[in-house]
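S.K.: Let me begin by handing over the structure; questions about it come next.
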Amino acid sequence: MRPWRNRKPPAPHPEEIDPRVPKLADWGRNGIIGTIGSGPAAGSTVVAHPHWTAAGFDWYEVEVWDGPEEIEWFTDDRVPGQEGGLIDALTREVDVLWWTDSERIDALWATHWDRT
């Protein structure tokens, strides 16, 4: 994955919906968190965080918190569970196991932000 900071991402192409990606309705306010299961970043924590407007869902960003430096983050405006997007491709490529337990997610967010 390459960061898309300060440049326009390529036009999205359709991806097959991966049933392991929780539908947006199952995401908490802080999103979902997962563990990468294969590849050079196996065991790393990955976060998918939604962004909202007054009209509703706008886009989400995915960031690897503790993986190799060359893996940073990406954004996508396709609705998880309704439109196949980059999160589905990531899940297939490196076998991400996503979790939606709000207490576990809130605890991880608190730990992450307390370290910064």
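By convention in this document, the chains of the structure tokens carry letters A, B, ... by their order, each chain's residues are numbered from 1, and ligands are numbered from 1 in the order they are shown.
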Using DSSP on the backbone, list every residue of chain A that comes out as strand (DSSP E), and give them as number ranges by chain.
M.R.: A: 32-35, 45-53, 56-64, 73-76, 97-99
S.K.: Please list as a CSV table (one decimal) with N, CA and C atoms, in the first residue's frame every residue within 7 Å of region 21-29 of chain A, counting only C-alpha atoms and excluding residues in the same chain fewer than 3 positions away.
M.R.:
chain,number,residue,atom,x,y,z
A,18,ASP,N,-15.8,-8.7,0.3
A,18,ASP,CA,-15.3,-9.8,1.1
A,18,ASP,C,-16.2,-10.0,2.4
A,32,ILE,N,-13.5,0.0,13.0
A,32,ILE,CA,-13.2,-1.4,13.3
A,32,ILE,C,-11.7,-1.5,13.4
A,79,VAL,N,-18.8,2.3,0.3
A,79,VAL,CA,-19.5,1.9,1.6
A,79,VAL,C,-19.2,0.4,1.9
A,80,PRO,N,-18.5,0.1,3.0
A,80,PRO,CA,-18.2,-1.3,3.3
A,80,PRO,C,-19.4,-2.1,3.5
A,81,GLY,N,-19.4,-3.3,2.8
A,81,GLY,CA,-20.6,-4.2,2.9
A,81,GLY,C,-21.6,-3.9,1.8
A,88,ASP,N,-11.8,-4.5,1.2
A,88,ASP,CA,-12.1,-5.9,0.8
A,88,ASP,C,-10.8,-6.5,0.2
A,98,TRP,N,-11.0,-8.9,11.2
A,98,TRP,CA,-11.6,-7.7,11.8
A,98,TRP,C,-12.4,-8.0,13.0
A,100,THR,N,-15.2,-6.0,15.9
A,100,THR,CA,-16.1,-4.9,16.1
A,100,THR,C,-16.5,-4.7,17.5
A,102,SER,N,-16.9,-3.0,20.7
A,102,SER,CA,-16.6,-1.6,21.0
A,102,SER,C,-15.7,-1.4,22.2
S.K.: Residues within 6 Å of region 53-63 of chain A, please, as a list in words. Count only C-alpha atoms; anything in the same chain fewer than 6 positions from it doesn't count.
M.R.: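 With the cut-off at 6 Å, the set is Val46, Val47, Glu72, Trp73, Phe74, Thr75, Asp76 and Asp77 of chain A.
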S.K.: Would you put the residues from that selection into a file with all heavy atoms, as a tab-separated table (two decimals), in the first residue's frame?
M.R.:
chain	number	residue	atom	x	y	z
A	46	VAL	N	-4.38	-3.20	12.26
A	46	VAL	CA	-4.87	-2.32	11.20
A	46	VAL	C	-6.20	-1.73	11.66
A	46	VAL	O	-7.01	-2.40	12.30
A	46	VAL	CB	-5.01	-3.10	9.86
A	46	VAL	CG1	-5.97	-4.24	9.96
A	46	VAL	CG2	-5.37	-2.18	8.73
A	47	VAL	N	-6.39	-0.44	11.38
A	47	VAL	CA	-7.57	0.29	11.83
A	47	VAL	C	-8.31	0.85	10.61
A	47	VAL	O	-7.69	1.41	9.73
A	47	VAL	CB	-7.17	1.47	12.74
A	47	VAL	CG1	-8.39	2.27	13.16
A	47	VAL	CG2	-6.42	0.98	13.95
A	72	GLU	N	1.52	2.28	5.00
A	72	GLU	CA	1.03	3.46	5.73
A	72	GLU	C	-0.50	3.45	5.80
A	72	GLU	O	-1.05	2.77	6.63
A	72	GLU	CB	1.58	4.71	5.09
A	72	GLU	CG	3.09	4.77	5.27
A	72	GLU	CD	3.66	6.11	4.96
A	72	GLU	OE1	2.95	7.11	5.10
A	72	GLU	OE2	4.82	6.16	4.57
A	73	TRP	N	-1.16	4.17	4.91
A	73	TRP	CA	-2.60	4.24	4.99
A	73	TRP	C	-3.20	4.55	3.64
A	73	TRP	O	-2.51	4.96	2.72
A	73	TRP	CB	-3.06	5.24	6.04
A	73	TRP	CG	-2.61	6.66	5.81
A	73	TRP	CD1	-1.45	7.22	6.24
A	73	TRP	CD2	-3.31	7.69	5.11
A	73	TRP	NE1	-1.38	8.53	5.86
A	73	TRP	CE2	-2.51	8.85	5.17
A	73	TRP	CE3	-4.52	7.76	4.47
A	73	TRP	CZ2	-2.90	10.05	4.58
A	73	TRP	CZ3	-4.90	8.96	3.88
A	73	TRP	CH2	-4.10	10.08	3.96
A	74	PHE	N	-4.51	4.33	3.55
A	74	PHE	CA	-5.24	4.68	2.33
A	74	PHE	C	-6.64	5.11	2.71
A	74	PHE	O	-7.10	4.86	3.83
A	74	PHE	CB	-5.26	3.52	1.32
A	74	PHE	CG	-5.97	2.28	1.79
A	74	PHE	CD1	-7.36	2.17	1.69
A	74	PHE	CD2	-5.27	1.20	2.31
A	74	PHE	CE1	-8.01	1.02	2.10
A	74	PHE	CE2	-5.91	0.05	2.71
A	74	PHE	CZ	-7.30	-0.04	2.61
A	75	THR	N	-7.32	5.76	1.78
A	75	THR	CA	-8.71	6.18	1.99
A	75	THR	C	-9.57	5.61	0.87
A	75	THR	O	-9.07	5.28	-0.21
A	75	THR	CB	-8.84	7.71	2.00
A	75	THR	OG1	-8.47	8.23	0.72
A	75	THR	CG2	-7.96	8.33	3.07
A	76	ASP	N	-10.86	5.52	1.14
A	76	ASP	CA	-11.81	5.01	0.16
A	76	ASP	C	-13.18	5.55	0.52
A	76	ASP	O	-13.51	5.66	1.71
A	76	ASP	CB	-11.80	3.48	0.19
A	76	ASP	CG	-12.45	2.83	-1.03
A	76	ASP	OD1	-13.03	3.54	-1.87
A	76	ASP	OD2	-12.40	1.59	-1.12
A	77	ASP	N	-13.99	5.89	-0.48
A	77	ASP	CA	-15.32	6.39	-0.19
A	77	ASP	C	-16.43	5.39	-0.51
A	77	ASP	O	-17.60	5.71	-0.44
A	77	ASP	CB	-15.59	7.72	-0.90
A	77	ASP	CG	-15.55	7.60	-2.41
A	77	ASP	OD1	-15.30	6.50	-2.95
A	77	ASP	OD2	-15.78	8.62	-3.08
S.K.: From a backbone DSSP assignment, name each residue in chain A labelled alpha helix (DSSP H), as a list in words.
M.R.: Leu86, Ile87, Asp88, Ala89, Leu90, Thr91, Arg92, Glu93, Val94, Ser102, Glu103, Arg104, Ile105, Asp106, Ala107, Leu108, Trp109, Ala110, Thr111, His112, Trp113 and Asp114 of chain A
S.K.: Can you measure CA of Ala107 (chain A) to CA of Asp95 (chain A) for me? One decimal in Å is fine.
M.R.: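 About the pair CA of Ala107 (chain A) and CA of Asp95 (chain A): they are 23.2 Å apart.
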S.K.: Which of these residues is nearest to Ala48 (chain A), using only C-alpha atoms: A:Ile36, A:Leu97, A:Ile87, A:Ala110?
M.R.: A:Ile87
S.K.: Please report, as CSV, each residue of region 8-75 of chain A lying at most 10 Å from region 89-94 of chain A, together with the nearest pair of atoms and the separation in Å rounded to one decimal; use only C-alpha atoms, and order rows by chain and ascending residue number.
M.R.:
residue,atom,partner,partner_atom,distance
A:Pro14,CA,A:Ala89,CA,9.9
A:Glu15,CA,A:Ala89,CA,6.7
A:Glu16,CA,A:Ala89,CA,7.8
A:Ile17,CA,A:Ala89,CA,8.4
A:Asp18,CA,A:Arg92,CA,7.2
A:Pro19,CA,A:Thr91,CA,9.5
A:Arg20,CA,A:Thr91,CA,7.4
A:Val21,CA,A:Thr91,CA,7.2
A:Gly34,CA,A:Thr91,CA,9.4
A:Thr35,CA,A:Val94,CA,9.4
A:Ile36,CA,A:Val94,CA,6.0
A:Gly37,CA,A:Val94,CA,5.9
A:Ser38,CA,A:Val94,CA,4.9
A:Gly39,CA,A:Val94,CA,6.0
A:Pro40,CA,A:Val94,CA,9.0
A:Ala41,CA,A:Val94,CA,8.3
A:Ala42,CA,A:Val94,CA,7.7
A:Val62,CA,A:Leu90,CA,9.6
S.K.: Could you state the separation of CA of Val64 (chain A) and CA of Ile33 (chain A) in Å, given to one decimal place?
M.R.: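 Rounded to one decimal, the two atoms are 9.7 Å apart.
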S.K.: To one decimal in Å, tell me the separation between CA of Asp106 (chain A) and CA of Pro50 (chain A).
M.R.: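 Interatomic distance, CA of Asp106 (chain A) to CA of Pro50 (chain A): 14.4 Å.
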